[in-house]
Amino acid sequence: MSSTSTTLPIALYESLLAKLIAIIELTQQPGGVSNAQGRQRLLQATNEFKNAITQAKDYAVNLPGGELVIEEQDQVIAMLETLKERKRAQLAEFAARKVFVPQYSQDLKMEIDSMASTPFHSND
């Protein structure tokens, strides 16, 4: 199993109950484990169930974010929500600010515009 895989094999988990029921049915059959053939079927069913359980545990242990317990995950989520709200407040504060343009910069722009529209004269 790849630890980078993020898909969960749902069919594996759904098959666990069916495998357990198969084991129970084999043990409840009249003469189910009294002969060699019955014991062999029970052994095979038990091994299939055990392998499926091991595989399911491996997938569950290697889930991304599984290294944190639920309380720690809740703390991280709360911290991220607080950070998001702070950023939104900063953005709203920044958007509400009035931009002050000094008069001299407007005069400078006018001067540059008037110079650009003046034709070039050479002193020949």
# chains A, B, ... in the order shown; residues from 1 in each chain; ligands from 1
>>> residues_around(residues="region 45-61 of chain A", least_positions_apart="2", cutoff="7 Å", atoms="only C-alpha atoms", output="compact mmCIF listing (two decimals) with C-alpha atoms, in the first residue's frame")
# COMPACT_ATOMS: atom_id res chain seq x y z
CA LEU A 12 -12.58 -3.53 1.66
CA TYR A 13 -14.40 -2.16 4.70
CA LEU A 16 -15.40 -7.18 6.53
CA LYS A 19 -16.32 -12.25 5.90
CA LEU A 20 -17.23 -12.31 9.60
CA ALA A 22 -19.15 -16.38 6.69
CA ILE A 23 -17.02 -17.47 9.66
CA ARG A 41 -13.12 -23.94 5.00
CA LEU A 42 -13.17 -22.31 8.44
CA LEU A 43 -9.39 -21.82 8.37
CA LEU A 63 -4.63 8.16 6.34
CA GLY A 66 -4.04 10.47 11.11
>>> atom_distance(atom1="CA of Arg39 (chain A)", atom2="CA of Ser15 (chain A)")
21.7 Å
>>> atom_distance(atom1="CA of Pro64 (chain A)", atom2="CA of Pro9 (chain A)")
14.3 Å
>>> atom_distance(atom1="CA of Asn35 (chain A)", atom2="CA of Ile21 (chain A)")
20.3 Å
